[in-house]
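J.: Below is the file coords_11.txt, which contains compact mmCIF, C-alpha atoms.
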# COMPACT_ATOMS: atom_id res chain seq x y z
CA MET A 1 -10.73 14.77 7.99
CA THR A 2 -10.05 17.33 5.31
CA ALA A 3 -7.61 15.97 2.75
CA ASN A 4 -4.12 17.38 3.01
CA ALA A 5 -2.29 18.21 -0.22
CA GLU A 6 1.34 18.39 -1.27
CA SER A 7 3.25 18.48 -4.51
CA GLY A 8 3.64 15.11 -6.18
CA ARG A 9 6.79 13.87 -7.90
CA GLY A 10 4.99 14.02 -11.22
CA GLY A 11 4.25 17.72 -10.87
CA GLY A 12 0.61 17.42 -9.85
CA GLN A 13 -1.08 17.72 -6.50
CA ARG A 14 -1.30 14.69 -4.25
CA GLU A 15 -4.28 14.69 -1.92
CA LEU A 16 -3.44 12.91 1.32
CA THR A 17 -6.79 11.38 2.16
CA PHE A 18 -5.61 8.62 4.47
CA LEU A 19 -7.05 8.40 7.96
CA LEU A 20 -3.69 8.75 9.71
CA ALA A 21 -2.03 11.18 7.26
CA ARG A 22 -2.36 14.21 9.53
CA TRP A 23 -0.75 12.42 12.50
CA GLU A 24 1.78 10.44 10.50
CA LYS A 25 3.33 13.40 8.69
CA PRO A 26 4.75 15.25 11.76
CA VAL A 27 6.11 11.95 13.12
CA LEU A 28 7.93 11.28 9.84
CA VAL A 29 9.30 14.84 9.77
CA TRP A 30 10.54 14.45 13.36
CA LEU A 31 12.28 11.19 12.44
CA ALA A 32 13.74 12.60 9.22
CA GLN A 33 15.31 15.50 11.12
CA ARG A 34 17.23 12.99 13.23
CA VAL A 35 18.50 10.74 10.45
CA PRO A 36 22.32 10.91 10.16
CA ARG A 37 23.53 12.93 7.16
CA ARG A 38 25.34 9.94 5.67
CA ILE A 39 22.01 8.16 5.20
CA ARG A 40 20.19 9.14 2.01
CA SER A 41 16.68 8.58 0.70
CA ASN A 42 17.72 5.63 -1.47
CA HIS A 43 19.13 3.88 1.60
CA LEU A 44 15.71 4.13 3.22
CA THR A 45 14.06 2.80 0.05
CA GLY A 46 16.32 -0.23 0.37
CA LEU A 47 15.31 -0.56 4.02
CA GLY A 48 11.68 -0.68 2.91
CA VAL A 49 12.51 -3.54 0.52
CA ILE A 50 14.22 -5.44 3.34
CA GLY A 51 11.18 -4.93 5.56
CA ALA A 52 8.76 -6.16 2.89
CA THR A 53 10.90 -9.21 2.12
CA GLY A 54 11.23 -10.04 5.80
CA THR A 55 7.47 -9.71 6.27
CA GLY A 56 6.70 -12.09 3.41
CA ILE A 57 9.22 -14.67 4.63
CA ALA A 58 7.96 -14.43 8.22
CA TYR A 59 4.36 -15.02 7.12
CA ALA A 60 5.39 -18.08 5.12
CA LEU A 61 7.31 -19.45 8.13
CA THR A 62 4.20 -19.30 10.34
CA ASN A 63 3.47 -22.78 8.95
CA TYR A 64 6.17 -23.98 11.36
CA SER A 65 5.57 -21.67 14.31
CA HIS A 66 3.02 -18.98 15.12
CA ALA A 67 5.83 -17.03 16.81
CA TRP A 68 6.91 -15.85 13.37
CA LEU A 69 3.93 -13.50 13.48
CA TRP A 70 5.92 -11.33 15.89
CA MET A 71 8.72 -11.14 13.33
CA ALA A 72 6.18 -10.27 10.62
CA SER A 73 4.96 -7.37 12.75
CA ALA A 74 8.51 -6.14 13.38
CA MET A 75 9.31 -6.31 9.65
CA LEU A 76 6.13 -4.35 8.86
CA VAL A 77 7.47 -1.55 11.08
CA VAL A 78 10.80 -1.68 9.22
CA ASN A 79 8.91 -1.56 5.92
CA TRP A 80 6.95 1.48 7.11
CA LEU A 81 10.12 3.31 8.15
CA GLY A 82 11.84 2.75 4.83
CA ASP A 83 8.82 3.22 2.59
CA SER A 84 7.43 6.32 4.30
CA LEU A 85 10.61 8.05 5.40
CA ASP A 86 12.54 8.16 2.10
CA GLY A 87 10.45 10.91 0.51
CA THR A 88 10.10 12.80 3.80
CA LEU A 89 13.86 12.83 4.22
CA ALA A 90 14.32 14.43 0.79
CA ARG A 91 11.72 17.12 1.58
CA VAL A 92 13.18 17.89 5.01
CA ARG A 93 16.67 18.29 3.54
CA GLU A 94 15.23 20.21 0.57
CA THR A 95 17.08 17.97 -1.85
CA GLN A 96 15.82 16.77 -5.20
CA ARG A 97 15.69 13.01 -5.56
CA PRO A 98 17.10 11.61 -8.82
CA LYS A 99 14.64 11.34 -11.69
CA TYR A 100 14.60 7.58 -11.31
CA GLY A 101 13.30 7.98 -7.73
CA TYR A 102 9.65 8.21 -8.77
CA TYR A 103 10.00 5.18 -11.03
CA LEU A 104 11.86 3.30 -8.31
CA ASP A 105 9.13 4.04 -5.77
CA HIS A 106 6.48 2.46 -7.99
CA VAL A 107 8.61 -0.64 -8.61
CA VAL A 108 9.37 -1.03 -4.90
CA ASP A 109 5.69 -0.55 -4.03
CA ALA A 110 4.70 -3.28 -6.50
CA TYR A 111 7.39 -5.62 -5.17
CA SER A 112 6.41 -5.02 -1.54
CA THR A 113 2.76 -5.71 -2.30
CA MET A 114 3.57 -8.93 -4.14
CA ILE A 115 6.02 -10.34 -1.59
CA ILE A 116 3.81 -9.59 1.42
CA GLY A 117 0.72 -10.90 -0.38
CA LEU A 118 2.54 -14.07 -1.40
CA GLY A 119 3.75 -14.58 2.17
CA LEU A 120 0.19 -14.25 3.46
CA GLY A 121 -1.00 -16.72 0.83
CA LEU A 122 1.64 -19.24 1.91
CA SER A 123 0.67 -18.85 5.57
CA PRO A 124 -1.95 -21.11 7.20
CA TYR A 125 -4.31 -18.14 7.64
CA VAL A 126 -5.16 -17.05 4.09
CA TYR A 127 -5.96 -18.95 0.89
CA LEU A 128 -3.24 -18.46 -1.71
CA GLY A 129 -5.70 -17.70 -4.54
CA LEU A 130 -7.46 -15.05 -2.46
CA ALA A 131 -4.19 -13.40 -1.48
CA LEU A 132 -3.00 -13.30 -5.10
CA ALA A 133 -6.33 -11.84 -6.22
CA VAL A 134 -5.94 -9.00 -3.71
CA VAL A 135 -2.39 -8.37 -4.98
CA VAL A 136 -3.53 -8.21 -8.62
CA VAL A 137 -6.41 -5.82 -7.86
CA TYR A 138 -4.18 -3.64 -5.67
CA LEU A 139 -1.59 -3.36 -8.44
CA ALA A 140 -4.32 -2.48 -10.95
CA MET A 141 -5.52 0.27 -8.61
CA SER A 142 -1.97 1.60 -8.22
CA ILE A 143 -1.46 1.70 -11.99
CA ASN A 144 -4.76 3.51 -12.39
CA VAL A 145 -3.73 6.17 -9.85
CA TYR A 146 -0.42 6.65 -11.65
CA LEU A 147 -2.23 7.11 -14.97
CA GLU A 148 -4.57 9.63 -13.36
CA SER A 149 -1.60 11.70 -12.22
CA THR A 150 -0.20 11.64 -15.74
CA VAL A 151 -3.44 12.43 -17.59
CA PHE A 152 -5.26 14.77 -15.20
CA GLY A 153 -2.38 16.24 -13.15
CA VAL A 154 -4.31 16.03 -9.85
CA PHE A 155 -4.90 12.73 -8.16
CA LYS A 156 -5.74 11.12 -4.85
CA ILE A 157 -3.19 8.73 -3.46
CA SER A 158 -5.92 6.54 -2.04
CA TYR A 159 -9.30 5.32 -3.22
CA GLY A 160 -10.69 5.79 0.25
CA ARG A 161 -9.33 6.48 3.71
CA ILE A 162 -7.22 3.32 4.08
CA GLY A 163 -3.64 3.60 2.90
CA PRO A 164 -0.39 1.62 3.33
CA THR A 165 0.16 2.76 6.93
CA GLU A 166 -3.39 1.84 7.93
CA VAL A 167 -3.04 -1.58 6.28
CA ARG A 168 0.22 -2.23 8.14
CA LEU A 169 -1.42 -1.35 11.45
CA ILE A 170 -4.34 -3.66 10.68
CA LEU A 171 -1.91 -6.50 9.90
CA VAL A 172 0.04 -5.88 13.11
CA PHE A 173 -3.22 -5.94 15.07
CA LEU A 174 -4.37 -9.18 13.42
CA ASN A 175 -0.93 -10.73 13.97
CA THR A 176 -1.18 -9.94 17.68
CA VAL A 177 -4.73 -11.29 17.95
CA ALA A 178 -3.78 -14.49 16.12
CA ILE A 179 -0.75 -15.28 18.26
CA VAL A 180 -2.46 -14.36 21.56
CA THR A 181 -5.57 -16.44 20.86
CA THR A 182 -3.42 -19.40 19.77
CA GLY A 183 -2.31 -19.85 23.37
CA TRP A 184 -5.81 -19.78 24.83
CA PRO A 185 -7.00 -22.98 26.57
CA SER A 186 -10.23 -23.11 24.55
CA PRO A 187 -10.41 -22.41 20.80
CA LEU A 188 -12.28 -19.45 19.37
CA PRO A 189 -15.92 -20.01 18.31
CA VAL A 190 -14.82 -19.27 14.72
CA PRO A 191 -11.33 -20.34 13.56
CA ILE A 192 -8.95 -17.46 12.90
CA ASP A 193 -8.34 -18.59 9.31
CA VAL A 194 -12.08 -18.42 8.56
CA VAL A 195 -12.24 -14.89 9.96
CA ALA A 196 -9.13 -13.88 7.99
CA ASN A 197 -10.40 -15.25 4.68
CA TRP A 198 -13.89 -13.79 5.01
CA THR A 199 -12.42 -10.41 5.97
CA LEU A 200 -10.04 -10.49 3.02
CA GLY A 201 -12.89 -11.51 0.72
CA VAL A 202 -14.97 -8.51 1.79
CA ILE A 203 -11.95 -6.23 1.32
CA LEU A 204 -11.36 -7.68 -2.15
CA ALA A 205 -14.98 -7.06 -3.15
CA GLY A 206 -14.70 -3.46 -1.97
CA MET A 207 -11.45 -2.97 -3.88
CA VAL A 208 -12.98 -4.28 -7.09
CA ALA A 209 -16.02 -2.01 -6.69
CA LEU A 210 -13.81 1.04 -6.07
CA PHE A 211 -11.57 0.26 -9.02
CA VAL A 212 -14.46 -0.25 -11.44
CA GLY A 213 -16.13 2.97 -10.27
CA ARG A 214 -12.92 5.00 -10.58
CA PHE A 215 -12.10 3.48 -13.98
CA ALA A 216 -15.58 4.28 -15.32
CA ARG A 217 -15.32 7.85 -14.01
CA ASN A 218 -11.98 8.33 -15.75
CA LEU A 219 -13.36 7.09 -19.05
CA TYR A 220 -16.27 9.51 -18.70
CA ARG A 221 -13.91 12.42 -17.98
CA LEU A 222 -11.73 11.54 -20.96
CA ASN A 223 -14.81 11.23 -23.14
CA LYS A 224 -15.87 14.75 -22.13
CA LEU A 225 -12.39 16.16 -22.72
CA GLU A 226 -11.90 14.66 -26.18
CA PRO A 227 -15.27 13.42 -27.41
CA GLN A 228 -14.27 12.99 -31.04
CA ARG A 229 -11.37 10.72 -30.19
CA TYR A 230 -13.35 8.37 -27.97
CA ARG A 231 -16.70 8.35 -29.77
CA TRP A 232 -15.25 6.29 -32.58
CA TRP A 233 -18.62 4.65 -33.24
CA GLU A 234 -19.98 8.05 -34.36
CA GLN A 235 -17.25 8.67 -36.88
CA LYS A 236 -17.89 8.02 -40.55
CA SER A 237 -16.07 5.11 -42.04
As structure tokens, how would this structure be written, given the file I've shared?

T.:
Amino acid sequence: MTANAESGRGGGQRELTFLLARWEKPVLVWLAQRVPRRIRSNHLTGLGVIGATGTGIAYALTNYSHAWLWMASAMLVVNWLGDSLDGTLARVRETQRPKYGYYLDHVVDAYSTMIIGLGLGLSPYVYLGLALAVVVVYLAMSINVYLESTVFGVFKISYGRIGPTEVRLILVFLNTVAIVTTGWPSPLPVPIDVVANWTLGVILAGMVALFVGRFARNLYRLNKLEPQRYRWWEQKS
């Protein structure tokens, strides 16, 4: 898919490289056009926070019943609506969000990542240390993207083709598989927690590789832009 582009809140160009971006955008616009006028973008941001919190709590409660996975999936949908629709609503209504909106989005994104990751780590499916490692690396990647938008003016929202919407769909799919296979008469050849942890481990390794590569590229670009500032070892004492 060719990357779509739109103006970012920071004034640069955001390249929408996610797999589902082309199909997701018209759906969000259709929904935004039907949102009652009394509902504003900040209300939807709050809805996203509620969805993330509910997802984390539901994952933690799967220690008591696997049925909570259904609630986790429902809360992921709520999180998607709030997190993805707030900016779309502002664009559809051609209204300018307050200056704190961009800052708020980053804080909410960090909170959502942490609470969902913590809930997964407290569930019986994923090791807590592995879940926290994914959260830390994800936050580092998000900070790096934000810095790229500030320094270079043009940035990609994603490091690859998998974005927040794709991750939510993957989680919903895994939730469904986990709860359906739990009721099977015979157990799976490989326990679901083993599959989940190995999958998350591979994802973590890929995230680290992408972050290191992107970070090294940025340092190289900065070195080319301002060589005298960064080649401190060549300067005379």

J.: May I have the protein, DNA and RNA residues with any atom at most 12 Å from the point (20.6, 5.5, -1.4), counting all atoms listed in the file, written as a ChimeraX atom specification?

T.: /A:37-48,82,86-87,89-90,97-98,100-101,104

J.: When you draw a straight line from CA of Leu169 (chain A) to CA of Val145 (chain A), how long is it in Å?

T.: 22.7 Å

J.: Measure the distance from CA of Thr165 (chain A) to CA of Trp80 (chain A) in Å and round it to one decimal.

T.: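 Straight-line distance from CA of Thr165 (chain A) to CA of Trp80 (chain A) works out to 6.9 Å.
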
J.: Using all atoms listed in the file, which residues sit within 10 Å of region 129-141 of chain A once same-chain residues fewer than 3 positions away are excluded, as number ranges by chain?

T.: A: 106, 109-111, 113-122, 126, 144-147, 158-159, 197-198, 200-201, 203-205, 207-208, 210-212, 214-215

J.: Store the residues of this selection in a file with C-alpha atoms, as a PDB file, in the frame of the given file.

T.:
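Everything below was put into out.pdb:
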ATOM      1  CA  HIS A 106       6.480   2.460  -7.990  1.00  0.00           C
ATOM      2  CA  ASP A 109       5.690  -0.550  -4.030  1.00  0.00           C
ATOM      3  CA  ALA A 110       4.700  -3.280  -6.500  1.00  0.00           C
ATOM      4  CA  TYR A 111       7.390  -5.620  -5.170  1.00  0.00           C
ATOM      5  CA  THR A 113       2.760  -5.710  -2.300  1.00  0.00           C
ATOM      6  CA  MET A 114       3.570  -8.930  -4.140  1.00  0.00           C
ATOM      7  CA  ILE A 115       6.020 -10.340  -1.590  1.00  0.00           C
ATOM      8  CA  ILE A 116       3.810  -9.590   1.420  1.00  0.00           C
ATOM      9  CA  GLY A 117       0.720 -10.900  -0.380  1.00  0.00           C
ATOM     10  CA  LEU A 118       2.540 -14.070  -1.400  1.00  0.00           C
ATOM     11  CA  GLY A 119       3.750 -14.580   2.170  1.00  0.00           C
ATOM     12  CA  LEU A 120       0.190 -14.250   3.460  1.00  0.00           C
ATOM     13  CA  GLY A 121      -1.000 -16.720   0.830  1.00  0.00           C
ATOM     14  CA  LEU A 122       1.640 -19.240   1.910  1.00  0.00           C
ATOM     15  CA  VAL A 126      -5.160 -17.050   4.090  1.00  0.00           C
ATOM     16  CA  ASN A 144      -4.760   3.510 -12.390  1.00  0.00           C
ATOM     17  CA  VAL A 145      -3.730   6.170  -9.850  1.00  0.00           C
ATOM     18  CA  TYR A 146      -0.420   6.650 -11.650  1.00  0.00           C
ATOM     19  CA  LEU A 147      -2.230   7.110 -14.970  1.00  0.00           C
ATOM     20  CA  SER A 158      -5.920   6.540  -2.040  1.00  0.00           C
ATOM     21  CA  TYR A 159      -9.300   5.320  -3.220  1.00  0.00           C
ATOM     22  CA  ASN A 197     -10.400 -15.250   4.680  1.00  0.00           C
ATOM     23  CA  TRP A 198     -13.890 -13.790   5.010  1.00  0.00           C
ATOM     24  CA  LEU A 200     -10.040 -10.490   3.020  1.00  0.00           C
ATOM     25  CA  GLY A 201     -12.890 -11.510   0.720  1.00  0.00           C
ATOM     26  CA  ILE A 203     -11.950  -6.230   1.320  1.00  0.00           C
ATOM     27  CA  LEU A 204     -11.360  -7.680  -2.150  1.00  0.00           C
ATOM     28  CA  ALA A 205     -14.980  -7.060  -3.150  1.00  0.00           C
ATOM     29  CA  MET A 207     -11.450  -2.970  -3.880  1.00  0.00           C
ATOM     30  CA  VAL A 208     -12.980  -4.280  -7.090  1.00  0.00           C
ATOM     31  CA  LEU A 210     -13.810   1.040  -6.070  1.00  0.00           C
ATOM     32  CA  PHE A 211     -11.570   0.260  -9.020  1.00  0.00           C
ATOM     33  CA  VAL A 212     -14.460  -0.250 -11.440  1.00  0.00           C
ATOM     34  CA  ARG A 214     -12.920   5.000 -10.580  1.00  0.00           C
ATOM     35  CA  PHE A 215     -12.100   3.480 -13.980  1.00  0.00           C
TER      36      PHE A 215
END

J.: Have a look at CA of Gly54 (chain A) and CA of Trp23 (chain A) and let me know their distance in Å, one decimal.

T.: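 If I compute the distance from CA of Gly54 (chain A) to CA of Trp23 (chain A), I get 26.3 Å.
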
J.: Of the candidates A:Thr150, A:Thr62, A:Ser112, A:Thr199, which shows the shortest atom-to-atom distance to Ile170 (chain A), using all atoms listed in the file?

T.: A:Thr199

J.: When you look at Val92 (chain A) with a cut-off of 7 Å (counting all atoms listed in the file), what residues show up, excluding the ones that are within fewer than 4 positions of it in the same chain? I need them as a list of chain:residue names.

T.: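 Non-adjacent residues within range: A:Val29, A:Ala32, A:Gln33, A:Thr88.
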
J.: Might I get the box with edges along x, y and z of the file that holds all atoms of region 53-69 of chain A listed there, padded by 5 Å on every side, given as centre and edge lengths in Å to one decimal, as JSON?

T.:
{"center_x": 7.1, "center_y": -16.6, "center_z": 9.5, "size_x": 18.2, "size_y": 24.8, "size_z": 24.7}

J.: In terms of the shortest atom-to-atom distance over all atoms listed in the file, which of A:Pro164, A:Gly206, A:Pro124, A:Pro191 is closest to Glu24 (chain A)?

T.: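 For Glu24 (chain A), the nearest of the given residues is A:Pro164.
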
J.: Can you take the partial region 194-207 of chain A, add N, CA and C atoms, and return it as a tab-separated table (two decimals), in the coordinates of the input?

T.:
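Written out: result24.tsv:
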chain	number	residue	atom	x	y	z
A	194	VAL	N	-10.78	-18.73	9.16
A	194	VAL	CA	-12.08	-18.42	8.56
A	194	VAL	C	-12.35	-16.92	8.64
A	195	VAL	N	-12.06	-16.34	9.79
A	195	VAL	CA	-12.24	-14.89	9.96
A	195	VAL	C	-11.34	-14.13	8.99
A	196	ALA	N	-10.09	-14.56	8.87
A	196	ALA	CA	-9.13	-13.88	7.99
A	196	ALA	C	-9.58	-13.94	6.53
A	197	ASN	N	-10.02	-15.11	6.08
A	197	ASN	CA	-10.40	-15.25	4.68
A	197	ASN	C	-11.69	-14.50	4.35
A	198	TRP	N	-12.67	-14.54	5.25
A	198	TRP	CA	-13.89	-13.79	5.01
A	198	TRP	C	-13.62	-12.28	5.00
A	199	THR	N	-12.76	-11.83	5.93
A	199	THR	CA	-12.42	-10.41	5.97
A	199	THR	C	-11.72	-9.99	4.69
A	200	LEU	N	-10.76	-10.82	4.24
A	200	LEU	CA	-10.04	-10.49	3.02
A	200	LEU	C	-10.96	-10.54	1.80
A	201	GLY	N	-11.93	-11.45	1.82
A	201	GLY	CA	-12.89	-11.51	0.72
A	201	GLY	C	-13.75	-10.26	0.63
A	202	VAL	N	-14.18	-9.75	1.78
A	202	VAL	CA	-14.97	-8.51	1.79
A	202	VAL	C	-14.12	-7.34	1.31
A	203	ILE	N	-12.85	-7.30	1.76
A	203	ILE	CA	-11.95	-6.23	1.32
A	203	ILE	C	-11.73	-6.30	-0.19
A	204	LEU	N	-11.56	-7.51	-0.71
A	204	LEU	CA	-11.36	-7.68	-2.15
A	204	LEU	C	-12.56	-7.19	-2.94
A	205	ALA	N	-13.76	-7.52	-2.48
A	205	ALA	CA	-14.98	-7.06	-3.15
A	205	ALA	C	-15.06	-5.54	-3.16
A	206	GLY	N	-14.70	-4.91	-2.04
A	206	GLY	CA	-14.70	-3.46	-1.97
A	206	GLY	C	-13.68	-2.85	-2.90
A	207	MET	N	-12.49	-3.46	-2.99
A	207	MET	CA	-11.45	-2.97	-3.88
A	207	MET	C	-11.89	-3.02	-5.33
